[in-house]
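**Student:** I have a structure I would like to understand better, so I am pasting it below and will then ask my questions one at a time.
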Amino acid sequence: MDDDPLDSNDGDWRIYRGTGRAGETPLRSLPEPPPWRRFRGTGSVAVPAEDDGETARRIGGADQRPRTPHRHEVEMVNAAIHLRRPLLVTGRPGTGKSSLAYLIARELGLGPVLRWPVTSRTELTGGLYHYDAIARVQEAGTRRDGEDPPDIGDFIRLGPLGTALLPYELPRVLLIDELDKSDIDLPNDLLNVVEEGEYEIPELVRVAKRQPNVTVLTHDEAGGAEVRRGVVRCRAFPIVIITTNGEREFPPAFLRRCLKLDLEPPTSDQLASMVAAQFGDTDRVDIAHLVREFLQRSDEVGGLAADQLLNSVHLAVQMATSGTADEDEWQGLLQAVWHSLSAESE
């Protein structure tokens, strides 16, 4: 096996290389899954074009210089793809846990990331689909005698998890963000869906005899897909990135179905790549010096987030451009922007 996870050669088991460059290693087909992770979805669903605006906002432009990922990150992402298993990504705030999903989708050309932000009120059904029964009744009430009733599919919209499990030929990337904020039952509720790669929509199961195929809305903008006999069943299991800040323990049964990646804080080279991705050339600001100061401050306060560095770079560029830079004012701003993220040190 190669020493360098980024060395490219024919037959390399690595599908994802971690460079973050669009179209560098587009995914054309998947290797065979383990026999116990084969799914039997049928049909085909079109993948929308990548949402360049959202992806650029998250990880910067597509033409940035290649990033330098940690070796273990590349290995674990590829293991999750081969095994068709969710990747549980831990790490302190600002280490790029959520960004990983966007990097994978961009590099492999898998369309927009399906993001499911989790809160204490999040339930599994909301991630799968939403049925607006009230709107359907109201719509029916406006129809004249003899007019067809409203199509039930117009009132069902799949959630991010539900959309990810449609029968795509290639996997979508699903980001389940901050699962540790969820109610205690949600990880257990996810088990069957993650294991089986399918779910039912009871409202469509009930009408399946007279309307076996129903076109519903999806989580993608202006997206639609046909659901057969009320069951959504994947063909290619999605690339699932589940982020957590490590604030709680998850049930053993849930952990058994996931692979785990603990992201290390970004290095100086990785931070410089993030800055380049967002700002391009910044001749007016000494980025290398600012990164060194940031890392020193991060060590002093027990860890800072990468977006705190990006905030300081933006301010530095604005002050340099306007010619109003004052050292005392600048140092005061840095103290405010680079504030500790630990409640204990406040």
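By order in the structure tokens, chains are A, B, ...; within a chain, residues start at 1; ligands start at 1, following the order shown.
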Name the residues in contact with segment 232-236 of chain A at a cut-off of 12 Å, using only C-alpha atoms, excluding same-chain residues fewer than 3 positions from it; report them as a ChimeraX atom specification.
**Tutor:** /A:29-33,37-45,81-85,110,128-129,158,161-173,193-202,204-205,213-216,218,225-229,239-240
**Student:** Grab the residues selected above and save them as a CSV table (one decimal), in the first residue's frame with C-alpha atoms.
**Tutor:**
```csv
chain,number,residue,atom,x,y,z
A,29,SER,CA,-19.0,4.3,-10.6
A,30,LEU,CA,-18.8,2.6,-7.2
A,31,PRO,CA,-16.8,-0.5,-6.2
A,32,GLU,CA,-18.8,-3.5,-5.2
A,33,PRO,CA,-20.3,-3.1,-1.6
A,37,ARG,CA,-24.7,-3.6,2.3
A,38,ARG,CA,-26.3,-4.2,-1.1
A,39,PHE,CA,-29.6,-2.2,-1.6
A,40,ARG,CA,-32.4,-3.0,-4.0
A,41,GLY,CA,-33.8,0.3,-5.0
A,42,THR,CA,-35.1,0.6,-8.6
A,43,GLY,CA,-35.7,3.5,-11.0
A,44,SER,CA,-33.5,6.5,-11.5
A,45,VAL,CA,-33.5,10.0,-10.1
A,81,ILE,CA,-17.6,4.9,1.0
A,82,HIS,CA,-16.4,1.3,0.4
A,83,LEU,CA,-18.4,0.0,3.4
A,84,ARG,CA,-21.5,2.1,2.8
A,85,ARG,CA,-21.4,3.2,6.4
A,110,LEU,CA,-22.0,14.4,-6.4
A,128,LEU,CA,-37.5,11.8,6.1
A,129,TYR,CA,-40.5,13.7,4.8
A,158,LEU,CA,-39.0,14.7,1.3
A,161,LEU,CA,-32.4,12.2,4.8
A,162,GLY,CA,-35.4,11.1,2.8
A,163,THR,CA,-34.0,12.7,-0.4
A,164,ALA,CA,-30.6,11.1,0.1
A,165,LEU,CA,-32.3,7.6,0.1
A,166,LEU,CA,-33.9,8.0,-3.3
A,167,PRO,CA,-32.6,5.5,-5.9
A,168,TYR,CA,-29.7,7.6,-7.3
A,169,GLU,CA,-27.2,5.8,-9.4
A,170,LEU,CA,-24.4,7.5,-7.5
A,171,PRO,CA,-24.6,8.4,-3.8
A,172,ARG,CA,-25.6,11.8,-2.6
A,173,VAL,CA,-23.7,13.4,0.2
A,193,VAL,CA,-33.1,3.6,8.3
A,194,VAL,CA,-29.3,3.5,8.2
A,195,GLU,CA,-29.3,-0.3,8.3
A,196,GLU,CA,-32.0,-0.9,5.7
A,197,GLY,CA,-31.5,2.1,3.4
A,198,GLU,CA,-35.3,2.5,3.0
A,199,TYR,CA,-38.4,3.9,4.6
A,200,GLU,CA,-42.2,4.0,4.1
A,201,ILE,CA,-44.4,7.1,3.7
A,202,PRO,CA,-47.6,5.8,5.3
A,204,LEU,CA,-48.7,7.0,0.2
A,205,VAL,CA,-48.9,3.3,1.3
A,213,ASN,CA,-46.7,5.9,-8.4
A,214,VAL,CA,-46.7,9.4,-6.9
A,215,THR,CA,-44.4,12.3,-7.7
A,216,VAL,CA,-43.4,14.2,-4.6
A,218,THR,CA,-37.7,16.6,-2.7
A,225,ALA,CA,-39.1,12.3,-7.6
A,226,GLU,CA,-41.4,9.4,-8.1
A,227,VAL,CA,-42.2,7.2,-5.2
A,228,ARG,CA,-43.5,3.7,-5.9
A,229,ARG,CA,-46.1,2.1,-3.6
A,239,ILE,CA,-22.2,9.2,1.8
A,240,VAL,CA,-23.4,10.2,5.3
```
**Student:** Env of segment 243-253 of chain A: 6 Å cut, atoms = only C-alpha atoms, seq-sep filter 3 positions within chain, self excluded. Answer as an MDAnalysis selection string.
**Tutor:** chainID A and resid 88:92 177:180 256
**Student:** So how far away is atom CA of Gly126 of chain A from atom CA of Leu100 of chain A, in Å?
**Tutor:**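 Separating atom CA of Leu100 of chain A from atom CA of Gly126 of chain A is a distance of 23.6 Å.
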**Student:** When DSSP works through the backbone of this structure, what residues of segment 97-267 of chain A end up as strand (DSSP E or B), shown as a PyMOL selection string?
**Tutor:** chain A and resi 114-117+129-131+156-158+173-177+198-200+213-217+224-228+231-233+239-244+259-262
**Student:** Kindly assemble as JSON lines a list of the segment 273-315 of chain A residues that lie within 12 Å of segment 15-27 of chain A, each paired with its nearest atom pair and their distance in Å to one decimal, using only C-alpha atoms, sorted first by chain and then by ascending residue number.
**Tutor:**
```
{"residue": "A:Ser273", "atom": "CA", "partner": "A:Gly20", "partner_atom": "CA", "distance": 10.3}
{"residue": "A:Met274", "atom": "CA", "partner": "A:Gly20", "partner_atom": "CA", "distance": 10.5}
{"residue": "A:Ala277", "atom": "CA", "partner": "A:Gly20", "partner_atom": "CA", "distance": 9.8}
```
**Student:** With a distance cut-off of 8 Å and only C-alpha atoms, select the neighbouring residues of Gly96 of chain A, excluding the residue or stretch itself and same-chain residues fewer than 3 positions from it, and output the selection as number ranges by chain.
**Tutor:** A: 93, 99-100, 263, 306
**Student:** Calculate how many Å separate atom CA of Gln278 of chain A from atom CA of Ile59 of chain A, rounding to one decimal.
**Tutor:** 7.2 Å
**Student:** According to DSSP computed on the backbone, where in segment 2-246 of chain A is there helix (DSSP H, G or I)? Give the residues as a PyMOL selection string.
**Tutor:** chain A and resi 35-37+52-59+71-83+97-108+124-128+133-142+152-155+160-164+179-181+186-196+202-205
**Student:** So, with only C-alpha atoms as the atoms that count, which of A:Arg58, A:Arg115, A:Arg206, A:His314 lies closest to Leu333 of chain A?
**Tutor:**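 Of A:Arg58, A:Arg115, A:Arg206, A:His314, the one nearest Leu333 of chain A, counting only C-alpha atoms, is A:His314.
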**Student:** Nearest residue to Val275 of chain A out of A:Asp299, A:Asp154, A:Asp307, A:Asp326, using only C-alpha atoms?
**Tutor:**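 Looking at the shortest contact to Val275 of chain A, the residue is A:Asp307.
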**Student:** Fewer than 6 positions away in the same chain doesn't count, so skip those; otherwise give me all residues within 8 Å of Ser268 of chain A, counting only C-alpha atoms, as a PDB file with N, CA and C atoms, in the first residue's frame.
**Tutor:**
```pdb
ATOM      1  N   VAL A 291      -1.443  33.821  10.544  1.00  0.00           N
ATOM      2  CA  VAL A 291      -1.693  32.427  10.909  1.00  0.00           C
ATOM      3  C   VAL A 291      -0.854  32.033  12.118  1.00  0.00           C
ATOM      4  N   ARG A 292       0.404  32.460  12.146  1.00  0.00           N
ATOM      5  CA  ARG A 292       1.259  32.145  13.311  1.00  0.00           C
ATOM      6  C   ARG A 292       0.684  32.758  14.580  1.00  0.00           C
ATOM      7  N   LEU A 295      -2.429  30.717  15.668  1.00  0.00           N
ATOM      8  CA  LEU A 295      -2.106  29.434  16.300  1.00  0.00           C
ATOM      9  C   LEU A 295      -1.571  29.644  17.712  1.00  0.00           C
TER      10      LEU A 295
END
```
